[in-house]
$ cat input.cif   # mmCIF, C-alpha atoms
data_run
loop_
_atom_site.label_atom_id
_atom_site.label_comp_id
_atom_site.auth_asym_id
_atom_site.auth_seq_id
_atom_site.Cartn_x
_atom_site.Cartn_y
_atom_site.Cartn_z
CA MET A 1 -96.86 -221.85 158.84
CA ASN A 2 -99.29 -224.32 157.25
CA ALA A 3 -97.92 -227.26 159.23
CA ALA A 4 -98.94 -225.65 162.52
CA LEU A 5 -102.48 -224.87 161.45
CA PRO A 6 -105.39 -227.26 161.99
CA ALA A 7 -107.13 -228.86 159.05
CA PRO A 8 -110.16 -226.70 158.29
CA ASP A 9 -113.63 -228.12 158.86
CA ARG A 10 -114.91 -225.94 156.05
CA THR A 11 -113.34 -223.82 153.30
CA ILE A 12 -114.93 -220.90 151.47
CA ASP A 13 -113.44 -219.18 148.42
CA THR A 14 -114.23 -215.46 148.18
CA SER A 15 -111.78 -214.82 145.34
CA GLY A 16 -112.80 -211.88 143.19
CA LYS A 17 -115.05 -210.43 145.88
CA LEU A 18 -114.16 -207.19 147.53
CA CYS A 19 -114.75 -205.48 150.85
CA PRO A 20 -117.06 -206.09 152.67
CA TYR A 21 -118.18 -209.34 151.04
CA PRO A 22 -115.30 -211.63 152.18
CA ILE A 23 -116.18 -210.72 155.77
CA VAL A 24 -119.93 -211.03 155.15
CA GLU A 25 -119.42 -214.55 153.77
CA THR A 26 -117.03 -215.41 156.60
CA ALA A 27 -119.66 -214.40 159.14
CA LYS A 28 -122.31 -216.55 157.49
CA ALA A 29 -119.96 -219.55 157.29
CA VAL A 30 -118.76 -219.24 160.89
CA ARG A 31 -122.35 -219.03 162.11
CA ALA A 32 -123.03 -222.39 160.47
CA LEU A 33 -120.01 -224.04 162.11
CA GLU A 34 -120.02 -226.03 165.33
CA PRO A 35 -118.31 -224.26 168.25
CA GLY A 36 -114.55 -224.89 168.06
CA ALA A 37 -114.60 -225.76 164.35
CA VAL A 38 -112.15 -224.12 161.95
CA LEU A 39 -112.95 -222.18 158.78
CA LEU A 40 -110.45 -221.48 156.00
CA VAL A 41 -111.23 -218.36 153.96
CA ILE A 42 -109.53 -217.86 150.62
CA ALA A 43 -109.60 -214.27 149.35
CA THR A 44 -108.01 -212.03 146.76
CA ASP A 45 -108.96 -208.78 148.53
CA PRO A 46 -105.71 -207.82 150.30
CA GLY A 47 -107.77 -205.95 152.88
CA ILE A 48 -108.61 -209.29 154.47
CA ALA A 49 -105.21 -209.22 156.21
CA GLN A 50 -106.51 -206.26 158.25
CA ASP A 51 -110.19 -207.12 158.31
CA MET A 52 -110.10 -210.68 159.57
CA PRO A 53 -108.23 -210.06 162.85
CA MET A 54 -110.53 -207.09 163.58
CA TRP A 55 -113.68 -209.05 162.78
CA CYS A 56 -112.52 -211.94 164.98
CA LYS A 57 -111.82 -209.54 167.85
CA ALA A 58 -115.23 -207.90 167.49
CA THR A 59 -117.11 -211.19 167.35
CA ARG A 60 -114.89 -213.04 169.85
CA ASN A 61 -113.95 -215.76 167.39
CA GLU A 62 -110.32 -216.90 167.31
CA HIS A 63 -108.10 -215.61 164.52
CA LEU A 64 -105.51 -218.33 163.90
CA ALA A 65 -103.63 -216.86 160.93
CA THR A 66 -103.88 -214.85 157.73
CA PHE A 67 -101.12 -215.07 155.16
CA ARG A 68 -100.46 -214.64 151.48
CA ASP A 69 -100.36 -217.78 149.38
CA GLY A 70 -99.44 -216.96 145.79
CA ALA A 71 -101.99 -214.58 144.33
CA ALA A 72 -104.50 -215.22 147.10
CA TRP A 73 -104.75 -214.80 150.85
CA LYS A 74 -105.63 -217.55 153.30
CA SER A 75 -107.24 -216.86 156.63
CA TYR A 76 -107.95 -219.39 159.40
CA VAL A 77 -110.68 -218.71 161.94
CA ARG A 78 -111.83 -220.92 164.81
CA ARG A 79 -115.42 -220.43 165.93
CA SER A 80 -115.63 -219.40 169.54
CA PRO A 81 -116.35 -222.47 171.67
CA GLN A 82 -118.68 -220.47 173.91
CA ARG A 83 -120.78 -218.25 171.73
CA GLU A 84 -124.18 -219.43 170.58
CA GLU A 85 -124.58 -216.88 167.80
CA THR A 86 -122.24 -214.92 165.57
CA ALA A 87 -123.58 -211.95 163.68
CA PRO A 88 -123.60 -212.20 159.88
CA MET B 1 -134.29 -204.96 188.88
CA ILE B 2 -134.36 -203.33 185.46
CA ARG B 3 -133.74 -205.90 182.72
CA LYS B 4 -130.69 -205.65 180.46
CA ALA B 5 -131.41 -203.66 177.32
CA LYS B 6 -130.40 -204.56 173.78
CA ALA B 7 -129.59 -201.99 171.11
CA ILE B 8 -128.64 -201.71 167.44
CA GLY B 9 -125.79 -199.23 166.85
CA LEU B 10 -125.28 -197.82 163.37
CA ILE B 11 -121.58 -197.32 162.78
CA SER B 12 -119.46 -195.77 160.06
CA GLY B 13 -116.25 -196.30 162.00
CA GLY B 14 -115.61 -192.60 162.55
CA LEU B 15 -114.91 -191.17 165.97
CA ASP B 16 -118.52 -190.23 166.73
CA SER B 17 -120.02 -193.65 166.05
CA THR B 18 -117.14 -195.34 167.91
CA LEU B 19 -117.88 -193.14 170.93
CA ALA B 20 -121.60 -193.86 170.68
CA LEU B 21 -120.86 -197.60 170.71
CA ALA B 22 -118.60 -197.24 173.75
CA MET B 23 -121.06 -195.02 175.65
CA VAL B 24 -124.02 -197.34 175.20
CA LYS B 25 -121.99 -200.48 175.91
CA ALA B 26 -120.61 -198.85 179.07
CA GLN B 27 -124.17 -198.73 180.42
CA GLY B 28 -124.37 -202.52 180.30
CA VAL B 29 -126.50 -202.60 177.15
CA GLU B 30 -126.08 -205.57 174.81
CA VAL B 31 -125.01 -203.87 171.59
CA LYS B 32 -125.02 -205.10 168.03
CA ALA B 33 -123.22 -202.84 165.56
CA VAL B 34 -124.51 -202.51 162.01
CA ASN B 35 -122.66 -201.03 159.06
CA PHE B 36 -124.68 -200.26 155.95
CA TYR B 37 -123.02 -200.90 152.58
CA THR B 38 -124.28 -198.31 150.08
CA GLY B 39 -121.70 -198.71 147.28
CA PHE B 40 -120.72 -195.03 147.64
CA CYS B 41 -118.00 -195.35 150.29
CA ILE B 42 -114.76 -193.73 149.08
CA THR B 43 -112.56 -195.94 151.26
CA GLU B 44 -114.18 -199.12 149.98
CA THR B 45 -113.72 -197.93 146.41
CA GLN B 46 -110.05 -197.17 147.12
CA ARG B 47 -109.66 -200.73 148.32
CA ARG B 48 -111.41 -202.04 145.21
CA LYS B 49 -108.85 -200.21 143.11
CA GLY B 50 -105.88 -201.71 144.91
CA GLY B 51 -105.38 -199.23 147.75
CA ARG B 52 -103.59 -195.93 148.03
CA ALA B 53 -100.83 -194.60 145.79
CA ASP B 54 -98.21 -195.60 148.39
CA GLY B 55 -99.36 -199.23 148.20
CA SER B 56 -101.08 -199.28 151.57
CA VAL B 57 -104.63 -200.61 151.87
CA PRO B 58 -107.08 -198.47 153.86
CA ARG B 59 -108.54 -200.38 156.76
CA ASN B 60 -112.23 -200.99 157.26
CA GLU B 61 -113.05 -198.48 159.99
CA ALA B 62 -116.41 -200.00 160.90
CA LEU B 63 -114.68 -203.28 161.70
CA ARG B 64 -111.99 -201.41 163.59
CA ALA B 65 -114.58 -199.62 165.70
CA ALA B 66 -116.46 -202.82 166.52
CA ALA B 67 -113.20 -204.58 167.35
CA ASP B 68 -112.01 -201.75 169.62
CA VAL B 69 -115.25 -201.67 171.56
CA GLU B 70 -115.70 -205.46 171.30
CA VAL B 71 -119.24 -205.60 170.00
CA ASP B 72 -120.73 -207.86 167.33
CA VAL B 73 -120.86 -206.28 163.90
CA GLU B 74 -123.13 -207.01 160.96
CA TYR B 75 -122.82 -205.70 157.40
CA VAL B 76 -126.08 -204.95 155.67
CA ASP B 77 -126.09 -204.35 151.92
CA ILE B 78 -128.60 -201.63 151.05
CA SER B 79 -127.09 -200.75 147.67
CA GLY B 80 -129.94 -202.16 145.58
CA ARG B 81 -132.72 -200.70 143.43
CA GLU B 82 -134.72 -199.22 146.30
CA TYR B 83 -131.73 -197.22 147.53
CA LEU B 84 -130.77 -196.06 144.02
CA ASP B 85 -134.34 -194.89 143.34
CA MET B 86 -134.26 -192.88 146.57
CA LEU B 87 -131.07 -191.15 145.37
CA VAL B 88 -132.73 -190.05 142.15
CA SER B 89 -135.92 -188.69 143.75
CA PRO B 90 -135.14 -187.57 147.29
CA ARG B 91 -138.16 -186.19 149.15
CA TYR B 92 -136.04 -183.73 151.11
CA GLY B 93 -133.71 -182.77 148.27
CA TYR B 94 -129.93 -182.75 147.92
CA GLY B 95 -127.22 -181.14 150.00
CA LYS B 96 -124.38 -179.26 148.34
CA ASN B 97 -123.66 -182.05 145.87
CA ALA B 98 -125.51 -185.30 145.07
CA ASN B 99 -126.03 -186.09 148.75
CA PRO B 100 -129.66 -186.54 149.84
CA CYS B 101 -128.51 -186.95 153.45
CA THR B 102 -131.92 -186.66 155.11
CA ASP B 103 -133.55 -189.19 152.80
CA CYS B 104 -130.54 -191.47 153.13
CA ARG B 105 -130.78 -191.33 156.94
CA VAL B 106 -134.51 -192.08 156.82
CA PHE B 107 -133.79 -195.02 154.51
CA MET B 108 -131.10 -196.38 156.83
CA MET B 109 -133.21 -195.93 159.96
CA ARG B 110 -136.10 -197.82 158.39
CA LYS B 111 -133.70 -200.71 157.76
CA ALA B 112 -132.37 -200.33 161.29
CA LYS B 113 -135.92 -200.55 162.64
CA GLU B 114 -136.40 -203.84 160.80
CA ILE B 115 -133.16 -205.15 162.34
CA MET B 116 -134.20 -203.89 165.79
CA GLU B 117 -137.50 -205.76 165.55
CA ARG B 118 -135.85 -208.91 164.18
CA GLU B 119 -133.28 -208.91 166.97
CA GLY B 120 -135.75 -208.10 169.71
CA ALA B 121 -133.78 -204.96 170.55
CA ASP B 122 -135.12 -201.99 172.50
CA PHE B 123 -133.70 -199.11 170.50
CA VAL B 124 -131.41 -197.91 167.71
CA PHE B 125 -128.57 -195.45 168.21
CA THR B 126 -126.21 -193.47 166.00
CA GLY B 127 -123.15 -191.23 166.37
CA GLU B 128 -125.02 -188.17 165.11
CA VAL B 129 -124.21 -184.90 166.86
CA LEU B 130 -126.75 -182.07 167.07
CA GLY B 131 -125.69 -179.21 164.81
CA GLN B 132 -122.60 -180.93 163.42
CA ARG B 133 -123.83 -180.96 159.81
CA PRO B 134 -125.59 -178.01 158.22
CA LYS B 135 -128.68 -179.90 157.09
CA SER B 136 -128.89 -183.51 158.17
CA GLN B 137 -128.02 -182.98 161.85
CA ARG B 138 -130.15 -179.96 162.66
CA ARG B 139 -132.64 -180.47 165.49
CA ASP B 140 -135.63 -180.41 163.13
CA THR B 141 -133.98 -182.83 160.68
CA LEU B 142 -133.07 -185.28 163.43
CA ARG B 143 -136.73 -185.25 164.40
CA VAL B 144 -137.85 -185.77 160.77
CA VAL B 145 -135.59 -188.81 160.47
CA GLU B 146 -136.97 -190.25 163.71
CA ARG B 147 -140.58 -189.66 162.63
CA ASP B 148 -140.30 -190.83 159.02
CA SER B 149 -138.39 -193.98 159.93
CA GLY B 150 -141.03 -195.10 162.38
CA LEU B 151 -138.48 -195.13 165.21
CA ASP B 152 -140.42 -192.61 167.32
CA GLY B 153 -138.90 -192.55 170.79
CA ARG B 154 -136.54 -195.40 169.98
CA LEU B 155 -133.78 -193.53 168.16
CA LEU B 156 -131.03 -192.44 170.54
CA ARG B 157 -128.19 -190.06 169.72
CA PRO B 158 -125.97 -190.75 172.75
CA LEU B 159 -123.49 -187.91 172.11
CA SER B 160 -126.22 -185.25 172.16
CA ALA B 161 -128.92 -187.06 174.15
CA LYS B 162 -129.13 -184.55 177.00
CA LEU B 163 -129.97 -181.84 174.50
CA LEU B 164 -132.79 -183.87 172.94
CA LYS B 165 -136.13 -185.18 174.17
CA PRO B 166 -135.72 -188.27 176.38
CA THR B 167 -136.17 -191.50 174.45
CA ILE B 168 -138.31 -194.44 175.58
CA PRO B 169 -135.34 -196.52 176.87
CA GLU B 170 -134.29 -193.52 178.99
CA GLN B 171 -137.83 -193.10 180.32
CA GLU B 172 -138.04 -196.82 181.09
CA GLY B 173 -134.77 -196.69 183.04
CA LEU B 174 -132.91 -198.95 180.61
CA LEU B 175 -130.41 -196.11 180.12
CA ASP B 176 -129.06 -193.59 182.60
CA ARG B 177 -129.63 -190.20 180.91
CA SER B 178 -127.12 -188.54 183.22
CA ARG B 179 -124.35 -190.64 181.64
CA LEU B 180 -125.22 -189.61 178.09
CA GLY B 181 -123.65 -186.69 176.23
CA ASP B 182 -124.54 -183.04 175.71
CA ILE B 183 -122.33 -182.34 172.70
CA SER B 184 -123.44 -180.04 169.89
CA GLY B 185 -121.81 -178.20 167.01
CA ARG B 186 -118.89 -178.77 164.71
CA SER B 187 -115.99 -178.71 167.17
CA ARG B 188 -114.32 -182.08 167.68
CA HIS B 189 -112.72 -181.21 171.02
CA PRO B 190 -115.49 -182.63 173.25
CA GLN B 191 -115.35 -185.92 171.35
CA MET B 192 -111.58 -186.10 171.66
CA ALA B 193 -111.80 -185.54 175.40
CA MET B 194 -114.50 -188.19 175.65
CA ALA B 195 -112.37 -190.62 173.61
CA GLU B 196 -109.51 -190.15 176.03
CA ALA B 197 -111.82 -190.73 179.00
CA LEU B 198 -113.20 -193.92 177.41
CA GLY B 199 -109.74 -195.21 176.43
CA ILE B 200 -110.35 -194.95 172.69
CA ALA B 201 -107.03 -194.05 171.14
CA ASP B 202 -107.41 -195.01 167.50
CA TRP B 203 -109.81 -193.36 165.09
CA PRO B 204 -109.70 -192.02 161.53
CA GLN B 205 -109.14 -188.33 161.05
CA PRO B 206 -112.29 -186.59 159.83
CA ALA B 207 -111.85 -186.09 156.11
CA GLY B 208 -115.06 -184.35 155.11
CA GLY B 209 -117.02 -187.55 154.76
CA CYS B 210 -116.45 -190.92 153.19
CA CYS B 211 -119.34 -190.74 150.73
CA TYR B 212 -118.91 -190.14 147.00
CA LEU B 213 -122.29 -188.42 146.91
CA THR B 214 -120.77 -185.49 148.82
CA ASP B 215 -117.91 -185.21 146.29
CA GLU B 216 -118.25 -182.35 143.80
CA SER B 217 -116.63 -184.16 140.89
CA PHE B 218 -118.71 -187.29 141.46
CA ALA B 219 -121.88 -185.22 141.75
CA ARG B 220 -121.21 -183.61 138.34
CA LYS B 221 -121.01 -187.06 136.76
CA PHE B 222 -124.06 -188.29 138.71
CA PHE B 223 -126.29 -185.46 137.48
CA ASP B 224 -124.81 -185.67 133.97
CA VAL B 225 -126.06 -189.26 133.70
CA LEU B 226 -129.55 -188.29 134.87
CA GLN B 227 -129.76 -185.28 132.58
CA ALA B 228 -128.44 -187.17 129.57
CA ARG B 229 -130.96 -189.98 130.08
CA GLU B 230 -133.78 -187.48 130.33
CA ALA B 231 -132.57 -185.65 127.22
CA ALA B 232 -132.40 -188.93 125.34
CA GLY B 233 -135.99 -189.71 126.33
CA GLU B 234 -134.94 -192.48 128.73
CA GLU B 235 -136.00 -193.11 132.32
CA ARG B 236 -134.26 -190.92 134.89
CA ARG B 237 -132.44 -193.60 136.87
CA ILE B 238 -129.08 -194.73 138.23
CA ASP B 239 -127.98 -198.35 138.05
CA ARG B 240 -125.40 -200.33 140.02
CA ASP B 241 -122.99 -200.29 137.08
CA ASP B 242 -123.25 -196.50 136.98
CA VAL B 243 -122.16 -196.29 140.62
CA VAL B 244 -118.89 -198.09 139.82
CA LEU B 245 -118.26 -196.30 136.54
CA LEU B 246 -118.97 -192.82 137.93
CA SER B 247 -116.00 -193.22 140.26
CA THR B 248 -113.75 -194.64 137.57
CA GLY B 249 -111.78 -192.93 134.81
CA ARG B 250 -112.05 -189.67 132.89
CA HIS B 251 -115.54 -188.93 131.59
CA PHE B 252 -116.31 -187.02 128.38
CA ARG B 253 -119.84 -186.19 127.27
CA LEU B 254 -119.93 -186.57 123.48
CA SER B 255 -123.69 -185.94 123.20
CA PRO B 256 -126.82 -186.68 125.27
CA LYS B 257 -126.73 -190.13 123.69
CA ALA B 258 -123.02 -190.95 124.05
CA LYS B 259 -120.40 -190.79 126.79
CA LEU B 260 -116.74 -191.81 126.82
CA ILE B 261 -114.97 -193.20 129.91
CA ILE B 262 -111.18 -193.59 129.79
CA GLY B 263 -109.22 -195.59 132.37
CA ARG B 264 -106.51 -193.71 134.27
CA SER B 265 -104.47 -196.69 135.49
CA GLU B 266 -103.93 -200.40 134.93
CA VAL B 267 -106.39 -201.13 137.74
CA GLU B 268 -109.06 -198.89 136.19
CA ASN B 269 -108.42 -200.43 132.75
CA ALA B 270 -108.99 -203.89 134.22
CA LEU B 271 -112.10 -202.68 136.03
CA LEU B 272 -113.57 -201.19 132.84
CA ASP B 273 -113.06 -204.54 131.13
CA ASN B 274 -115.63 -205.97 133.57
CA TYR B 275 -118.33 -203.59 132.30
CA LEU B 276 -118.36 -204.31 128.56
CA GLU B 277 -121.97 -205.48 128.30
CA GLY B 278 -123.97 -202.93 126.35
CA ARG B 279 -120.90 -200.73 125.82
CA ALA B 280 -118.20 -200.36 123.17
CA ARG B 281 -114.58 -201.05 124.14
CA VAL B 282 -112.07 -198.68 122.56
CA GLU B 283 -108.29 -199.10 122.61
CA VAL B 284 -105.32 -197.97 120.54
CA GLN B 285 -103.59 -200.82 118.74
CA GLY B 286 -99.84 -201.50 118.84
CA LEU B 287 -99.03 -198.82 121.42
CA PRO B 288 -99.54 -198.66 125.19
CA GLY B 289 -102.67 -196.79 126.14
CA PRO B 290 -105.82 -196.84 128.20
CA VAL B 291 -108.91 -198.96 127.90
CA ALA B 292 -112.01 -196.88 127.23
CA LEU B 293 -115.73 -197.53 127.12
CA VAL B 294 -118.39 -195.71 125.14
CA GLU B 295 -121.93 -195.76 126.49
CA GLY B 296 -125.02 -195.04 124.45
CA THR B 297 -125.52 -194.75 120.72
CA PRO B 298 -122.78 -192.55 119.23
CA THR B 299 -123.00 -191.24 115.68
CA TRP B 300 -120.24 -192.01 113.18
CA GLU B 301 -118.65 -188.64 113.92
CA GLU B 302 -118.81 -189.34 117.66
CA ARG B 303 -117.12 -192.70 117.16
CA LEU B 304 -114.20 -190.99 115.47
CA LEU B 305 -114.14 -188.25 118.12
CA ALA B 306 -114.06 -190.84 120.92
CA SER B 307 -111.28 -192.71 119.15
CA ARG B 308 -109.23 -189.52 118.82
CA ILE B 309 -109.67 -188.71 122.51
CA VAL B 310 -108.63 -192.23 123.54
CA ALA B 311 -105.54 -191.86 121.32
CA ARG B 312 -104.74 -188.57 123.11
CA TYR B 313 -104.29 -190.44 126.43
CA GLY B 314 -101.97 -193.15 125.05
CA LYS B 315 -98.27 -193.32 124.24
CA GLY B 316 -99.08 -192.52 120.64
CA LYS B 317 -100.50 -189.09 121.44
CA ASP B 318 -97.73 -187.34 119.47
CA HIS B 319 -97.99 -189.63 116.46
CA PRO B 320 -99.65 -188.15 113.37
CA GLU B 321 -101.99 -191.13 113.21
CA VAL B 322 -102.76 -194.25 115.24
CA GLU B 323 -105.08 -197.18 114.75
CA VAL B 324 -107.92 -197.55 117.23
CA GLU B 325 -109.93 -200.71 117.74
CA TRP B 326 -113.67 -200.28 118.33
CA ARG B 327 -115.15 -203.51 119.69
CA GLU B 328 -118.81 -204.08 120.45
CA ASP B 329 -121.50 -206.77 120.15
CA GLY B 330 -118.88 -209.41 119.31
CA GLY B 331 -117.51 -207.49 116.32
CA ALA B 332 -114.55 -205.16 115.89
CA GLU B 333 -113.64 -202.30 113.58
CA ARG B 334 -110.41 -200.35 113.26
CA TYR B 335 -110.26 -196.61 112.72
CA PRO B 336 -107.09 -194.74 111.69
CA VAL B 337 -107.29 -191.40 113.53
CA ALA B 338 -105.14 -188.43 114.51
CA PRO B 339 -104.90 -188.10 118.31
CA HIS B 340 -107.02 -185.26 119.67
CA ASP B 341 -104.87 -182.18 120.28
CA ASP B 342 -107.32 -179.41 121.16
CA GLU B 343 -107.18 -179.20 124.96
CA ASP B 344 -109.81 -176.46 125.18
CA ALA B 345 -112.30 -178.53 123.21
CA LEU B 346 -111.50 -181.54 125.40
CA GLU B 347 -112.16 -179.56 128.57
CA LYS B 348 -115.57 -178.52 127.27
CA MET B 349 -116.52 -182.18 126.87
CA ARG B 350 -115.09 -183.28 130.22
CA VAL B 351 -117.72 -184.07 132.83
#
$ encode --input "input.cif" --output "C-alpha cells"
Amino acid sequence: MNAALPAPDRTIDTSGKLCPYPIVETAKAVRALEPGAVLLVIATDPGIAQDMPMWCKATRNEHLATFRDGAAWKSYVRRSPQREETAP
Amino acid sequence: MIRKAKAIGLISGGLDSTLALAMVKAQGVEVKAVNFYTGFCITETQRRKGGRADGSVPRNEALRAAADVEVDVEYVDISGREYLDMLVSPRYGYGKNANPCTDCRVFMMRKAKEIMEREGADFVFTGEVLGQRPKSQRRDTLRVVERDSGLDGRLLRPLSAKLLKPTIPEQEGLLDRSRLGDISGRSRHPQMAMAEALGIADWPQPAGGCCYLTDESFARKFFDVLQAREAAGEERRIDRDDVVLLSTGRHFRLSPKAKLIIGRSEVENALLDNYLEGRARVEVQGLPGPVALVEGTPTWEERLLASRIVARYGKGKDHPEVEVEWREDGGAERYPVAPHDDEDALEKMRV
C-alpha cells in the first residue's frame, strides 16, 4: 500500500489525542497546504479510520488512504486542488 | 436578483440537525456546519475508552452528517472554564439531571453568533423542533435562547420555521419560508418522512441524548462533587479533570473531604493513571486488581477503608488479608488490610 502512495508534503503526529482533535489538527494542517499537496496524519485514535474519509467527503478534499501501521494509524489526504479555504 | 445567503448550521449529527442542514442547503444557501465539543458527549467518551464492548468504534455522527450533506464542518472546543462555570451556576436551572439545557443553548448560540460574524454569514440555524423537549424546546424557551444569545431574528429552526415568527433572512427573501418545515412535538415520523424525501438514509437512532449531563448516574456524581467541595469549605466548581473522572470508574464517597474512584477495566485503569497529580494512587500488590485514585485529604481511617474497598474489587477479594500500596507525592506506603466484605455498607458509600 505504501508504495502506491505519494510522498507527503507535510506530516502531523496526533498520537495520544482523541476525537475530535485528530480531525481538528488535520483541518488546520490541510488549510495551510498548497492545493494538491498531500498531508500524512499519524494517529492512535482508531476512530480516524471512520472519521477521515467522512471529513474528506464533507470538505471535498481527497482521501487517499487510511491504514493501520503497528500501534498507530496512518491517513493520507490530498488538499483539493480547487478549494480556496478548508474549514478548521 | 437576491444574493446567495451564507449560514452557520449547528449540528450534533442526529437526524434533526442532518435534516436542517439538508433543508437549508437545498435552498442554495452556502452552509458551514459547526459541532461544539463540550467534553460531555457519551459517544466521544466511549471512543476514548476504546469503543463498545463488541470492539466496534462508534462513528462521529457530526462528521457523518456533514459528509452526507456535503457541507464544510468545523469543530469548536467550548469545554473550557467559561462553559464549566455556566454548568455550576445556570441562570435557568437544571433539567431532570445535571443538564442546564437552556443555559447551554444560550452559551452555544453566543459562540455561534461570533462565528456567524467572523464568517460574514447571514444567520445561524439548528435542528431544534418546537415542543420536542419538555423544557429547552418550548416556544418560550426557544425565544429566550434567541434573545439572550443576541441572535434576534437571525436564529432559524428550519424544521419548525413555519410555526415560528419569520426570521430576518426569510423576510429579506434569502430563504423561501414555504419550503421550511412545520414540525412540532415528540413524534419522529415527520422527520423520517422528510429524510426519505431528501434522500437521507443513514442516521443514528435517537437514544435519549448523547450528553452525560442528562444521565442520572453522572448527575449524582456531578452534584456530589459540588456538595462535597462546599461542605469542605472549598469553591463550588467543576474542573476539566472532574469531567473525565466523573464518567470513569466506581465512585465511593468516604467523607466530604475524600472520595475513592476505582477503575472497572484495563482501559479505565490506564486512564486513571493519567490523573495522578494531586491524588493518591491505590493498588493491591502481588495480585491482579484495579487501579484506584483517592481525591482529597482522607484521615488515617479513611485510608484503610479505601484500601479495603480497592482490595474488594481485585482477585484477592476472598483472601483474609492483602497488601495495598498507597502512593502519593512521590512516596509510597503499604497497608496490610482485609478486603471489604460488607456490601450494604459499600452501597451506602457508592455515589
$ resolve_selection --input "input.cif" --expression "the PyMOL selection byres ((chain B) within 10 of (chain A))" --output "ChimeraX atom specification"
/B:32-35,37,43-45,47-51,56-77
$ atom_distance --input "input.cif" --atom1 "atom CA of B:Ser89" --atom2 "atom CA of B:Lys113"
22.3 Å
$ closest_residue --input "input.cif" --among "A:Ala65, A:Ala43, A:Ala29, A:Val38" --to "A:Pro6" --atoms "only C-alpha atoms"
A:Val38
$ residues_around --input "input.cif" --residues "B:Leu346" --least-positions-apart "4" --cutoff "8 Å" --atoms "only C-alpha atoms" --output "PyMOL selection string"
chain B and resi 252+309+342+350
$ write_last_selection --input "input.cif" --atoms "C-alpha atoms" --output "PDB file, in the coordinates of the input"
ATOM      1  CA  PHE B 252    -116.310-187.020 128.380  1.00  0.00           C
ATOM      2  CA  ILE B 309    -109.670-188.710 122.510  1.00  0.00           C
ATOM      3  CA  ASP B 342    -107.320-179.410 121.160  1.00  0.00           C
ATOM      4  CA  ARG B 350    -115.090-183.280 130.220  1.00  0.00           C
TER       5      ARG B 350
END
$ residues_around --input "input.cif" --residues "stretch 73-83 of chain A" --least-positions-apart "2" --cutoff "6 Å" --atoms "all atoms listed in the file" --output "PyMOL selection string"
chain A and resi 35-44+61-69+85
$ write_last_selection --input "input.cif" --atoms "C-alpha atoms" --output "compact mmCIF listing (two decimals), in the frame of the given file"
# COMPACT_ATOMS: atom_id res chain seq x y z
CA PRO A 35 -118.31 -224.26 168.25
CA GLY A 36 -114.55 -224.89 168.06
CA ALA A 37 -114.60 -225.76 164.35
CA VAL A 38 -112.15 -224.12 161.95
CA LEU A 39 -112.95 -222.18 158.78
CA LEU A 40 -110.45 -221.48 156.00
CA VAL A 41 -111.23 -218.36 153.96
CA ILE A 42 -109.53 -217.86 150.62
CA ALA A 43 -109.60 -214.27 149.35
CA THR A 44 -108.01 -212.03 146.76
CA ASN A 61 -113.95 -215.76 167.39
CA GLU A 62 -110.32 -216.90 167.31
CA HIS A 63 -108.10 -215.61 164.52
CA LEU A 64 -105.51 -218.33 163.90
CA ALA A 65 -103.63 -216.86 160.93
CA THR A 66 -103.88 -214.85 157.73
CA PHE A 67 -101.12 -215.07 155.16
CA ARG A 68 -100.46 -214.64 151.48
CA ASP A 69 -100.36 -217.78 149.38
CA GLU A 85 -124.58 -216.88 167.80
$ residues_around --input "input.cif" --residues "B:Tyr92" --least-positions-apart "4" --cutoff "10 Å" --atoms "all atoms listed in the file" --output "ChimeraX atom specification"
/B:100-104,141
$ closest_residue --input "input.cif" --among "B:Leu156, B:Leu245, B:Ala195, B:Ala98" --to "B:Arg177" --atoms "all atoms listed in the file"
B:Leu156
$ resolve_selection --input "input.cif" --expression "the PyMOL selection byres ((chain B and resi 224) around 12)" --output "MDAnalysis selection string"
chainID B and resid 98 217:223 225:232 236:238 242 246 251:259 349:351
$ residues_around --input "input.cif" --residues "stretch 117-126 of chain B" --least-positions-apart "6" --cutoff "9 Å" --atoms "all atoms listed in the file" --output "list in words"
Ala5, Lys6, Ala7, Ile8, Gly9, Leu10, Ile11, Asp16, Ser17, Ala20, Leu21, Val24, Glu30, Val31, Met109, Leu151, Gly153, Arg154, Leu155, Leu156, Arg157, Pro158, Leu159, Thr167, Ile168, Pro169 and Leu174 of chain B
$ closest_residue --input "input.cif" --among "B:Trp300, B:Asn97, B:Arg186, B:Ser149" --to "B:Glu216" --atoms "only C-alpha atoms"
B:Asn97
$ residues_near_point --input "input.cif" --point "(-117.7, -197.4, 127.5)" --cutoff "7 Å" --atoms "all atoms listed in the file" --output "list of chain:residue names"
B:Leu260, B:Ile261, B:Arg279, B:Ala280, B:Arg281, B:Ala292, B:Leu293, B:Val294, B:Glu295
$ atom_distance --input "input.cif" --atom1 "atom CA of B:Gln191" --atom2 "atom CA of B:Met23"
11.6 Å
$ atom_distance --input "input.cif" --atom1 "atom CA of B:Leu163" --atom2 "atom CA of B:Arg91"
27.0 Å
